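Chemist: Below you will find the structure I want to go over with you.
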Amino acid sequence: MAAFRVGILTSGGDCPGLNAVIRAVVAASSQRGWEVFGFIDGFEGLLSPVRYRILEEPATVGIARLGGTILGTTNCGRFATRVGVGEVRRIPKTVIDEVWETVEGLHIGGLICIGGDGSLTAAQQLSEAGLPIVGVPKTIDNDISATSSSFGFYSAVEFVTQALDRLRSTAMSHRRVMVVEVMGRYAGWIALFGGLAGGADVILLPEIPFHYEKIAHEVRKRVAEGALQTMIVVAEGARPADGQLVTQEDETEKGLAGEIRLGGIGRHVAGMIQRLTGRESREVVLGQLQRGGPPTALDRNLGMLFGVAAVRLVEERRFGEMVSFCNERVGSVPIREAVRQTKTVPPDCEELAAARAIGIAFGD
């Protein structure tokens with residue numbers, strides 16, 4: 001009798017912890033005598049020419065410490081379901097039919113899809129078509145509903161914290177205002193957690209429209225109190241109360257399906273603060289650096305827990321569900337529940353209240 005076969009793919013932006021999930025899926029599957037087919041470059045690997053590699057347990061030993069994904073990934077192409085400013089697009093039936101041909105032709109009994117909200121939206125659409133899908137949440141933005149956290153987030157926060165530590169000394173030496181732009185899209189979790197840990201004086205979030213004059217007031221107050229520097233963390237999706245999102249337009253990406261690229265708000269903030277206060281202001285965009293490097297111990301362990309849980313869902317044939325982490329326990333929820341809405345920073349969260357309590361300003 002042929003061994004049961006499970007497929008696995010990583011889709012969307014990469015992040016630390018993906019390889020920990022892959023390692024756990026392969027190891028847990030090996031314990032059951034299953035074969036694991038790793039599809040190359042996300043969902044695109046399911047389409048002609050089909051690209052995959054058979055993942056054997058000995059070959060994945062030690063990969064949990066590596067950043068990125070050994071399978072490759074993509075966040076654009078024929079499976080891009082989030083376009084523009086979060087609008088949802090349907091995957092064409094011809095594409096879904098081709099996925100069916102691949103899954104049936106390779107005798108895949110369960111397909112584990114690791115990705116963020118866009119990739120999980122694609123997974124949900126495939127699940128609705130009857131494919132045996134199990135989801136695993138992956139996002140440095142921590143913006144997937146129905147799970148309190150996801151691997152990659154704490155690694156990104158750790159990098160933001162280290163960047164603030166390094167930038168503080170040069171800011172003090174030059175008496176500067178330092179504006180650090182971080183990722184997060186429409187959610188401010190990275191900015192909030194990284195700003196708190198790194199000792200930011202001002203944190204600008206997508207959830208709290210800000211006023212330039214109020215930020216300038218905070219800078220002037222700090223100067224009057226003798227502060228040598230001011231550290232401002234701004235999420236890429238933050239915007240002034242009377243303004244719009246700042247986006248990037250890359251000529252090389254025109255015509256590719258996908259969401260708009262945010263970025264550039266840090267430059268605007270630094271320019272306005274220098275104009276309003278007369279203090280030299282510099283912006284630093286951390287960008288893709290937040291995605292790279294080895295995962296923290298927490299993200300490695302979380303990835304391992306998610307991978308084991310995904311294999312268990314396949315074994316129990318609980319397709320159409322996503323692994324979740326709530327109340328310090330790993331469980332599962334319907335994928336449709338996870339992608340229904342973006343998880344943003346609530347106005348009554350403890351971290352936000354604590355930040356205000358210690359004098360951090362939010363420009364509101």
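Chain lettering (A, B, ...) mirrors the order of the structure tokens, residue numbering begins at 1 for each chain separately, and ligand numbering begins at 1 in order of display.
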Can you check which residues of stretch 85-303 of chain A DSSP gives as strand (DSSP E or B) on the backbone and send them as a ChimeraX atom specification?
Modeler: /A:87-88,108-115,133-137,144,177-182,202-204,210,230-235,240,247-248,259,261-262,281-285
Chemist: Write to file, as a compact mmCIF listing (two decimals), in the first residue's frame, the residues of the selection just made, with N, CA and C atoms.
Modeler:
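Now in part_11.txt:
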# COMPACT_ATOMS: atom_id res chain seq x y z
N GLU A 87 -8.82 44.86 -1.28
CA GLU A 87 -9.95 44.27 -1.99
C GLU A 87 -9.66 42.80 -2.29
N VAL A 88 -10.72 41.97 -2.27
CA VAL A 88 -10.57 40.53 -2.48
C VAL A 88 -10.91 40.18 -3.92
N ILE A 108 -2.11 13.61 -3.44
CA ILE A 108 -1.93 14.37 -2.20
C ILE A 108 -3.20 14.27 -1.37
N GLY A 109 -3.08 13.78 -0.15
CA GLY A 109 -4.25 13.61 0.71
C GLY A 109 -4.57 14.82 1.55
N GLY A 110 -3.64 15.73 1.69
CA GLY A 110 -3.85 16.96 2.47
C GLY A 110 -2.81 17.98 2.06
N LEU A 111 -3.22 19.22 1.91
CA LEU A 111 -2.31 20.29 1.48
C LEU A 111 -2.23 21.35 2.56
N ILE A 112 -1.05 21.51 3.16
CA ILE A 112 -0.84 22.48 4.23
C ILE A 112 -0.33 23.78 3.61
N CYS A 113 -1.10 24.84 3.77
CA CYS A 113 -0.78 26.14 3.18
C CYS A 113 -0.39 27.12 4.29
N ILE A 114 0.86 27.59 4.24
CA ILE A 114 1.37 28.50 5.24
C ILE A 114 1.42 29.90 4.64
N GLY A 115 0.71 30.85 5.24
CA GLY A 115 0.70 32.19 4.67
C GLY A 115 -0.05 33.19 5.51
N ILE A 133 -7.56 21.31 2.23
CA ILE A 133 -6.66 22.38 2.67
C ILE A 133 -6.62 22.51 4.19
N VAL A 134 -5.42 22.69 4.73
CA VAL A 134 -5.22 23.08 6.12
C VAL A 134 -4.36 24.34 6.12
N GLY A 135 -4.74 25.34 6.89
CA GLY A 135 -4.00 26.60 6.92
C GLY A 135 -3.10 26.74 8.13
N VAL A 136 -1.99 27.43 7.94
CA VAL A 136 -1.10 27.79 9.04
C VAL A 136 -0.83 29.30 8.93
N PRO A 137 -1.15 30.08 9.97
CA PRO A 137 -0.98 31.54 9.89
C PRO A 137 0.48 31.96 9.96
N ILE A 144 -3.54 38.63 11.60
CA ILE A 144 -4.50 37.60 11.25
C ILE A 144 -5.45 37.37 12.41
N VAL A 177 16.26 64.30 15.91
CA VAL A 177 15.02 63.53 15.98
C VAL A 177 15.19 62.38 14.99
N MET A 178 15.00 61.16 15.45
CA MET A 178 15.16 59.99 14.58
C MET A 178 13.79 59.37 14.35
N VAL A 179 13.40 59.27 13.08
CA VAL A 179 12.11 58.69 12.71
C VAL A 179 12.36 57.32 12.08
N VAL A 180 11.86 56.28 12.71
CA VAL A 180 12.10 54.91 12.26
C VAL A 180 10.80 54.33 11.70
N GLU A 181 10.78 54.06 10.40
CA GLU A 181 9.58 53.50 9.76
C GLU A 181 9.65 51.98 9.76
N VAL A 182 8.57 51.35 10.22
CA VAL A 182 8.53 49.89 10.33
C VAL A 182 7.35 49.34 9.53
N VAL A 202 7.72 58.63 20.76
CA VAL A 202 6.48 58.81 20.01
C VAL A 202 6.27 57.57 19.14
N ILE A 203 5.04 57.05 19.11
CA ILE A 203 4.70 55.91 18.26
C ILE A 203 3.47 56.28 17.44
N LEU A 204 3.57 56.13 16.14
CA LEU A 204 2.48 56.49 15.24
C LEU A 204 1.91 55.23 14.62
N PHE A 210 -2.79 60.82 13.39
CA PHE A 210 -1.98 61.73 14.18
C PHE A 210 -2.00 63.15 13.61
N THR A 230 15.05 62.57 20.27
CA THR A 230 13.67 62.08 20.30
C THR A 230 13.56 60.94 19.30
N MET A 231 13.07 59.80 19.78
CA MET A 231 12.92 58.62 18.92
C MET A 231 11.44 58.46 18.56
N ILE A 232 11.15 58.46 17.27
CA ILE A 232 9.79 58.31 16.77
C ILE A 232 9.71 57.03 15.94
N VAL A 233 8.79 56.16 16.28
CA VAL A 233 8.53 54.95 15.49
C VAL A 233 7.21 55.17 14.75
N VAL A 234 7.22 54.95 13.44
CA VAL A 234 6.02 55.15 12.64
C VAL A 234 5.74 53.89 11.82
N ALA A 235 4.54 53.37 11.94
CA ALA A 235 4.12 52.23 11.12
C ALA A 235 3.90 52.69 9.69
N PRO A 240 -1.67 60.97 8.82
CA PRO A 240 -2.17 62.13 9.57
C PRO A 240 -3.69 62.18 9.53
N THR A 247 2.04 55.72 -0.29
CA THR A 247 2.35 54.47 -0.99
C THR A 247 3.55 54.64 -1.90
N GLN A 248 4.10 53.50 -2.32
CA GLN A 248 5.21 53.49 -3.27
C GLN A 248 4.70 52.97 -4.60
N GLU A 259 -1.56 43.76 -3.51
CA GLU A 259 -1.95 44.96 -2.80
C GLU A 259 -0.96 46.09 -3.06
N ARG A 261 1.77 48.92 -2.35
CA ARG A 261 2.94 48.91 -1.48
C ARG A 261 2.95 50.17 -0.65
N LEU A 262 2.90 50.00 0.65
CA LEU A 262 2.98 51.13 1.55
C LEU A 262 4.44 51.49 1.78
N SER A 281 16.15 66.31 11.70
CA SER A 281 15.40 65.06 11.76
C SER A 281 15.83 64.15 10.62
N ARG A 282 16.03 62.88 10.94
CA ARG A 282 16.42 61.89 9.94
C ARG A 282 15.46 60.69 9.99
N GLU A 283 15.15 60.15 8.81
CA GLU A 283 14.30 58.96 8.79
C GLU A 283 15.13 57.73 8.43
N VAL A 284 14.76 56.61 9.01
CA VAL A 284 15.38 55.32 8.72
C VAL A 284 14.26 54.33 8.42
N VAL A 285 14.30 53.72 7.24
CA VAL A 285 13.29 52.73 6.86
C VAL A 285 13.89 51.34 7.04
Chemist: Residues near A:Ser332, anyone? I mean within 7 Å using only C-alpha atoms, not counting same-chain ones fewer than 3 positions away, as a JSON list (two decimals) with N, CA, C and O atoms, in the first residue's frame.
Modeler:
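Full text of out.json as output:
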[["chain", "number", "residue", "atom", "x", "y", "z"],
["A", 321, "GLU", "N", -9.69, 24.19, 7.95],
["A", 321, "GLU", "CA", -9.38, 24.82, 9.23],
["A", 321, "GLU", "C", -7.95, 25.36, 9.23],
["A", 321, "GLU", "O", -7.09, 24.90, 8.47],
["A", 322, "MET", "N", -7.72, 26.33, 10.10],
["A", 322, "MET", "CA", -6.41, 26.95, 10.26],
["A", 322, "MET", "C", -5.92, 26.75, 11.69],
["A", 322, "MET", "O", -6.71, 26.87, 12.64],
["A", 323, "VAL", "N", -4.66, 26.44, 11.84],
["A", 323, "VAL", "CA", -4.06, 26.36, 13.18],
["A", 323, "VAL", "C", -4.14, 27.73, 13.84],
["A", 323, "VAL", "O", -3.93, 28.76, 13.18],
["A", 324, "SER", "N", -4.45, 27.77, 15.12],
["A", 324, "SER", "CA", -4.52, 29.04, 15.83],
["A", 324, "SER", "C", -3.86, 28.90, 17.20],
["A", 324, "SER", "O", -3.65, 27.79, 17.69]]
Chemist: Considering only C-alpha atoms, tabulate each residue of stretch 15-117 of chain A that lies at most 9 Å from stretch 301-320 of chain A along with its nearest interatomic pair and the corresponding distance in Å to one decimal; arrange the rows by chain and ascending residue number and present them as JSON lines.
Modeler:
{"residue": "A:Gly17", "atom": "CA", "partner": "A:Gly303", "partner_atom": "CA", "distance": 5.5}
{"residue": "A:Leu18", "atom": "CA", "partner": "A:Gly303", "partner_atom": "CA", "distance": 6.8}
{"residue": "A:Asn19", "atom": "CA", "partner": "A:Gly303", "partner_atom": "CA", "distance": 7.9}
{"residue": "A:Ala20", "atom": "CA", "partner": "A:Gly303", "partner_atom": "CA", "distance": 5.1}
{"residue": "A:Val21", "atom": "CA", "partner": "A:Gly307", "partner_atom": "CA", "distance": 4.5}
{"residue": "A:Ile22", "atom": "CA", "partner": "A:Gly307", "partner_atom": "CA", "distance": 6.7}
{"residue": "A:Arg23", "atom": "CA", "partner": "A:Met304", "partner_atom": "CA", "distance": 7.4}
{"residue": "A:Ala24", "atom": "CA", "partner": "A:Gly307", "partner_atom": "CA", "distance": 4.9}
{"residue": "A:Val25", "atom": "CA", "partner": "A:Gly307", "partner_atom": "CA", "distance": 4.8}
{"residue": "A:Val26", "atom": "CA", "partner": "A:Gly307", "partner_atom": "CA", "distance": 8.5}
{"residue": "A:Ala27", "atom": "CA", "partner": "A:Val308", "partner_atom": "CA", "distance": 8.5}
{"residue": "A:Ala28", "atom": "CA", "partner": "A:Val308", "partner_atom": "CA", "distance": 6.1}
{"residue": "A:Ser29", "atom": "CA", "partner": "A:Val311", "partner_atom": "CA", "distance": 6.8}
{"residue": "A:Ala64", "atom": "CA", "partner": "A:Met304", "partner_atom": "CA", "distance": 8.4}
{"residue": "A:Gly109", "atom": "CA", "partner": "A:Val314", "partner_atom": "CA", "distance": 8.1}
{"residue": "A:Gly110", "atom": "CA", "partner": "A:Val314", "partner_atom": "CA", "distance": 5.8}
{"residue": "A:Leu111", "atom": "CA", "partner": "A:Val314", "partner_atom": "CA", "distance": 8.1}
{"residue": "A:Ile112", "atom": "CA", "partner": "A:Ala310", "partner_atom": "CA", "distance": 6.9}
Chemist: With all heavy atoms retained, write the just-selected residues as a short mmCIF file (atom, residue, chain, number, x, y, z; two decimals), in the first residue's frame.
Modeler:
data_model
loop_
_atom_site.label_atom_id
_atom_site.label_comp_id
_atom_site.auth_asym_id
_atom_site.auth_seq_id
_atom_site.Cartn_x
_atom_site.Cartn_y
_atom_site.Cartn_z
N GLY A 17 10.85 31.67 10.95
CA GLY A 17 9.96 30.65 11.55
C GLY A 17 9.32 29.73 10.53
O GLY A 17 8.81 28.67 10.90
N LEU A 18 9.35 30.11 9.25
CA LEU A 18 8.76 29.25 8.22
C LEU A 18 9.43 27.89 8.17
O LEU A 18 8.75 26.85 8.07
CB LEU A 18 8.86 29.93 6.85
CG LEU A 18 7.84 31.03 6.56
CD1 LEU A 18 8.24 31.82 5.32
CD2 LEU A 18 6.44 30.44 6.38
N ASN A 19 10.75 27.87 8.25
CA ASN A 19 11.45 26.60 8.18
C ASN A 19 11.20 25.74 9.41
O ASN A 19 11.27 24.50 9.34
CB ASN A 19 12.95 26.83 7.98
CG ASN A 19 13.27 27.32 6.58
OD1 ASN A 19 12.68 26.85 5.61
ND2 ASN A 19 14.18 28.27 6.48
N ALA A 20 10.89 26.37 10.53
CA ALA A 20 10.54 25.60 11.73
C ALA A 20 9.24 24.85 11.51
O ALA A 20 9.08 23.69 11.95
CB ALA A 20 10.42 26.54 12.94
N VAL A 21 8.29 25.48 10.82
CA VAL A 21 7.02 24.80 10.51
C VAL A 21 7.28 23.64 9.55
O VAL A 21 6.77 22.52 9.75
CB VAL A 21 6.01 25.78 9.88
CG1 VAL A 21 4.69 25.06 9.60
CG2 VAL A 21 5.76 26.98 10.77
N ILE A 22 8.06 23.90 8.50
CA ILE A 22 8.37 22.85 7.52
C ILE A 22 9.03 21.66 8.22
O ILE A 22 8.66 20.50 8.00
CB ILE A 22 9.28 23.40 6.41
CG1 ILE A 22 8.53 24.47 5.60
CG2 ILE A 22 9.75 22.27 5.49
CD1 ILE A 22 9.42 25.24 4.63
N ARG A 23 10.02 21.95 9.06
CA ARG A 23 10.71 20.88 9.79
C ARG A 23 9.74 20.06 10.63
O ARG A 23 9.78 18.82 10.62
CB ARG A 23 11.80 21.50 10.67
CG ARG A 23 12.34 20.59 11.77
CD ARG A 23 12.98 19.34 11.21
NE ARG A 23 13.39 18.43 12.31
CZ ARG A 23 13.75 17.18 12.12
NH1 ARG A 23 13.76 16.66 10.92
NH2 ARG A 23 14.12 16.43 13.15
N ALA A 24 8.83 20.73 11.34
CA ALA A 24 7.89 20.03 12.20
C ALA A 24 6.91 19.17 11.38
O ALA A 24 6.58 18.06 11.77
CB ALA A 24 7.12 21.03 13.06
N VAL A 25 6.45 19.71 10.25
CA VAL A 25 5.54 18.94 9.39
C VAL A 25 6.22 17.68 8.88
O VAL A 25 5.64 16.58 8.90
CB VAL A 25 5.04 19.81 8.21
CG1 VAL A 25 4.36 18.93 7.15
CG2 VAL A 25 4.09 20.88 8.71
N VAL A 26 7.46 17.82 8.43
CA VAL A 26 8.20 16.67 7.90
C VAL A 26 8.46 15.65 9.00
O VAL A 26 8.25 14.44 8.81
CB VAL A 26 9.52 17.13 7.25
CG1 VAL A 26 10.37 15.92 6.85
CG2 VAL A 26 9.23 17.99 6.03
N ALA A 27 8.89 16.11 10.17
CA ALA A 27 9.21 15.19 11.26
C ALA A 27 7.96 14.47 11.77
O ALA A 27 7.96 13.26 11.99
CB ALA A 27 9.89 15.95 12.40
N ALA A 28 6.86 15.23 11.95
CA ALA A 28 5.61 14.62 12.44
C ALA A 28 5.03 13.66 11.40
O ALA A 28 4.45 12.62 11.74
CB ALA A 28 4.60 15.71 12.78
N SER A 29 5.17 14.00 10.12
CA SER A 29 4.68 13.12 9.05
C SER A 29 5.51 11.85 8.99
O SER A 29 4.98 10.75 8.77
CB SER A 29 4.73 13.85 7.71
OG SER A 29 3.85 14.96 7.69
N ALA A 64 15.33 24.73 11.23
CA ALA A 64 14.52 25.65 12.04
C ALA A 64 15.26 26.93 12.39
O ALA A 64 14.64 27.97 12.64
CB ALA A 64 14.04 24.95 13.31
N GLY A 109 -3.08 13.78 -0.15
CA GLY A 109 -4.25 13.61 0.71
C GLY A 109 -4.57 14.82 1.55
O GLY A 109 -5.68 14.93 2.10
N GLY A 110 -3.64 15.73 1.69
CA GLY A 110 -3.85 16.96 2.47
C GLY A 110 -2.81 17.98 2.06
O GLY A 110 -1.64 17.62 1.86
N LEU A 111 -3.22 19.22 1.91
CA LEU A 111 -2.31 20.29 1.48
C LEU A 111 -2.23 21.35 2.56
O LEU A 111 -3.23 22.02 2.87
CB LEU A 111 -2.79 20.89 0.16
CG LEU A 111 -1.92 21.99 -0.46
CD1 LEU A 111 -0.52 21.46 -0.78
CD2 LEU A 111 -2.58 22.55 -1.71
N ILE A 112 -1.05 21.51 3.16
CA ILE A 112 -0.84 22.48 4.23
C ILE A 112 -0.33 23.78 3.61
O ILE A 112 0.74 23.81 2.99
CB ILE A 112 0.17 21.94 5.26
CG1 ILE A 112 -0.39 20.69 5.93
CG2 ILE A 112 0.50 23.01 6.31
CD1 ILE A 112 0.61 19.97 6.83
#
Chemist: Using Å and a single decimal, report how far atom CA of A:Cys326 sits from atom CA of A:Thr161.
Modeler: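 Going from atom CA of A:Thr161 over to atom CA of A:Cys326, I get 24.9 Å.
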Chemist: Just checking: using only C-alpha atoms, which residue out of A:Gly293, A:Gly194, A:Gly271, A:Gly116 ends up closest to A:Thr81?
Modeler: A:Gly116
Chemist: At a cut-off of 12 Å, using only C-alpha atoms, what residues contact A:Glu207? Leave out same-chain residues fewer than 3 positions from it and give the result as a PyMOL selection string.
Modeler: chain A and resi 184-189+191-192+203-204+210+234-241+342-349+352+362-364
Chemist: Find the residues around A:Ile70 up to 12 Å (only C-alpha atoms counted), leave out those fewer than 6 positions away in its own chain, and share them as a list of chain:residue names.
Modeler: A:Ile8, A:Leu9, A:Thr10, A:Ser11, A:Asp14, A:Cys15, A:Pro16, A:Gly17, A:Leu18, A:Asn19, A:Ala20, A:Val21, A:Ile22, A:Arg23, A:Gly38, A:Phe39, A:Ile40, A:Asp41, A:Gly42, A:Tyr52, A:Arg53, A:Leu55, A:Ala59, A:Thr60, A:Gly62, A:Ile63, A:Ala64
Chemist: Deliver the residues from the most recent selection as a file, using N, CA, C and O atoms, as a CSV table (one decimal), in the first residue's frame.
Modeler:
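Saved file again_0.csv follows:
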chain,number,residue,atom,x,y,z
A,8,ILE,N,2.9,20.6,1.2
A,8,ILE,CA,3.1,21.8,2.0
A,8,ILE,C,3.7,22.9,1.1
A,8,ILE,O,4.5,22.6,0.2
A,9,LEU,N,3.3,24.1,1.3
A,9,LEU,CA,3.8,25.2,0.6
A,9,LEU,C,3.8,26.5,1.5
A,9,LEU,O,3.1,26.6,2.5
A,10,THR,N,4.7,27.4,1.1
A,10,THR,CA,4.8,28.7,1.8
A,10,THR,C,4.5,29.8,0.8
A,10,THR,O,5.0,29.8,-0.3
A,11,SER,N,3.6,30.7,1.2
A,11,SER,CA,3.1,31.7,0.3
A,11,SER,C,3.1,33.0,0.9
A,11,SER,O,3.0,33.2,2.1
A,14,ASP,N,8.0,36.3,3.1
A,14,ASP,CA,8.7,35.3,4.0
A,14,ASP,C,8.9,35.9,5.4
A,14,ASP,O,8.6,37.1,5.6
A,15,CYS,N,9.2,35.1,6.3
A,15,CYS,CA,9.5,35.6,7.7
A,15,CYS,C,10.2,34.5,8.5
A,15,CYS,O,10.2,33.3,8.1
A,16,PRO,N,10.9,34.9,9.5
A,16,PRO,CA,11.6,33.9,10.4
A,16,PRO,C,10.5,32.9,11.0
A,16,PRO,O,9.5,33.4,11.5
A,17,GLY,N,10.8,31.7,11.0
A,17,GLY,CA,10.0,30.7,11.5
A,17,GLY,C,9.3,29.7,10.5
A,17,GLY,O,8.8,28.7,10.9
A,18,LEU,N,9.4,30.1,9.2
A,18,LEU,CA,8.8,29.3,8.2
A,18,LEU,C,9.4,27.9,8.2
A,18,LEU,O,8.8,26.8,8.1
A,19,ASN,N,10.7,27.9,8.2
A,19,ASN,CA,11.4,26.6,8.2
A,19,ASN,C,11.2,25.7,9.4
A,19,ASN,O,11.3,24.5,9.3
A,20,ALA,N,10.9,26.4,10.5
A,20,ALA,CA,10.5,25.6,11.7
A,20,ALA,C,9.2,24.8,11.5
A,20,ALA,O,9.1,23.7,12.0
A,21,VAL,N,8.3,25.5,10.8
A,21,VAL,CA,7.0,24.8,10.5
A,21,VAL,C,7.3,23.6,9.6
A,21,VAL,O,6.8,22.5,9.7
A,22,ILE,N,8.1,23.9,8.5
A,22,ILE,CA,8.4,22.8,7.5
A,22,ILE,C,9.0,21.7,8.2
A,22,ILE,O,8.7,20.5,8.0
A,23,ARG,N,10.0,21.9,9.1
A,23,ARG,CA,10.7,20.9,9.8
A,23,ARG,C,9.7,20.1,10.6
A,23,ARG,O,9.8,18.8,10.6
A,38,GLY,N,7.0,19.1,-0.9
A,38,GLY,CA,7.1,20.5,-0.7
A,38,GLY,C,7.0,21.2,-2.1
A,38,GLY,O,7.9,21.0,-2.9
A,39,PHE,N,6.0,22.0,-2.3
A,39,PHE,CA,5.8,22.7,-3.5
A,39,PHE,C,6.6,24.0,-3.5
A,39,PHE,O,6.6,24.8,-2.6
A,40,ILE,N,7.2,24.3,-4.7
A,40,ILE,CA,8.2,25.4,-4.8
A,40,ILE,C,7.5,26.7,-5.2
A,40,ILE,O,6.6,26.7,-6.0
A,41,ASP,N,7.9,27.7,-4.5
A,41,ASP,CA,7.4,29.1,-4.8
A,41,ASP,C,5.9,29.2,-4.6
A,41,ASP,O,5.1,29.8,-5.4
A,42,GLY,N,5.4,28.7,-3.5
A,42,GLY,CA,4.0,28.8,-3.0
A,42,GLY,C,3.0,28.1,-3.9
A,42,GLY,O,3.3,27.1,-4.5
A,52,TYR,N,8.1,20.6,-7.3
A,52,TYR,CA,8.0,20.2,-5.9
A,52,TYR,C,9.3,19.4,-5.6
A,52,TYR,O,10.1,19.0,-6.5
A,53,ARG,N,9.6,19.2,-4.4
A,53,ARG,CA,10.6,18.4,-3.9
A,53,ARG,C,10.1,17.5,-2.8
A,53,ARG,O,9.3,17.9,-2.0
A,55,LEU,N,10.4,16.0,0.6
A,55,LEU,CA,11.1,16.4,1.8
A,55,LEU,C,11.2,15.2,2.8
A,55,LEU,O,10.2,14.7,3.3
A,59,ALA,N,16.9,15.3,5.9
A,59,ALA,CA,17.4,16.5,5.1
A,59,ALA,C,16.9,17.8,5.8
A,59,ALA,O,17.3,18.9,5.4
A,60,THR,N,15.9,17.7,6.7
A,60,THR,CA,15.4,19.0,7.3
A,60,THR,C,15.9,19.2,8.7
A,60,THR,O,15.5,20.2,9.3
A,62,GLY,N,17.9,20.7,11.5
A,62,GLY,CA,18.6,21.9,11.6
A,62,GLY,C,18.1,23.1,10.9
A,62,GLY,O,18.6,24.2,11.0
A,63,ILE,N,17.1,23.0,10.0
A,63,ILE,CA,16.6,24.1,9.2
A,63,ILE,C,15.8,25.1,10.0
A,63,ILE,O,15.6,26.2,9.6
A,64,ALA,N,15.3,24.7,11.2
A,64,ALA,CA,14.5,25.6,12.0
A,64,ALA,C,15.3,26.9,12.4
A,64,ALA,O,14.6,28.0,12.6
Chemist: What does the structure give for the distance between atom CA of A:Ala197 and atom CA of A:His211, in Å to one decimal?
Modeler: 23.7 Å
Chemist: Using only C-alpha atoms, which residues sit within 6 Å of A:Val36 once same-chain residues fewer than 6 positions away are excluded, as a list in words?
Modeler: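 Listing them by chain and then by number gives Arg5, Val6, Gly7, Ile54 and Leu55 of chain A.
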Chemist: Any chance you can output those residues with C-alpha atoms as an mmCIF file, in the first residue's frame?
Modeler:
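Result went into result18.cif, see below:
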data_model
loop_
_atom_site.group_PDB
_atom_site.id
_atom_site.type_symbol
_atom_site.label_atom_id
_atom_site.label_comp_id
_atom_site.auth_asym_id
_atom_site.auth_seq_id
_atom_site.Cartn_x
_atom_site.Cartn_y
_atom_site.Cartn_z
ATOM 1 C CA ARG A 5 1.070 11.913 0.927
ATOM 2 C CA VAL A 6 0.818 15.412 2.346
ATOM 3 C CA GLY A 7 1.748 18.582 0.472
ATOM 4 C CA ILE A 54 10.123 15.346 -1.698
ATOM 5 C CA LEU A 55 11.087 16.364 1.830
#
Chemist: Identify which of the residues A:Thr277, A:Ser30, A:Thr69, A:Asn142 lies closest to A:Tyr154, counting only C-alpha atoms when measuring atom-to-atom distances.
Modeler: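 Of all the options, A:Asn142 lies closest to A:Tyr154.
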Chemist: How many Å separate atom CA of A:Arg176 from atom CA of A:Glu280?
Modeler: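 Atom-to-atom, atom CA of A:Arg176 to atom CA of A:Glu280, that is 5.2 Å.
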Chemist: Hey, which of A:Gly292, A:Pro132, A:Pro49, A:Ala2 ends up closest to A:Glu35? Count only C-alpha atoms.
Modeler: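 For A:Glu35, the nearest of the candidates is A:Ala2.
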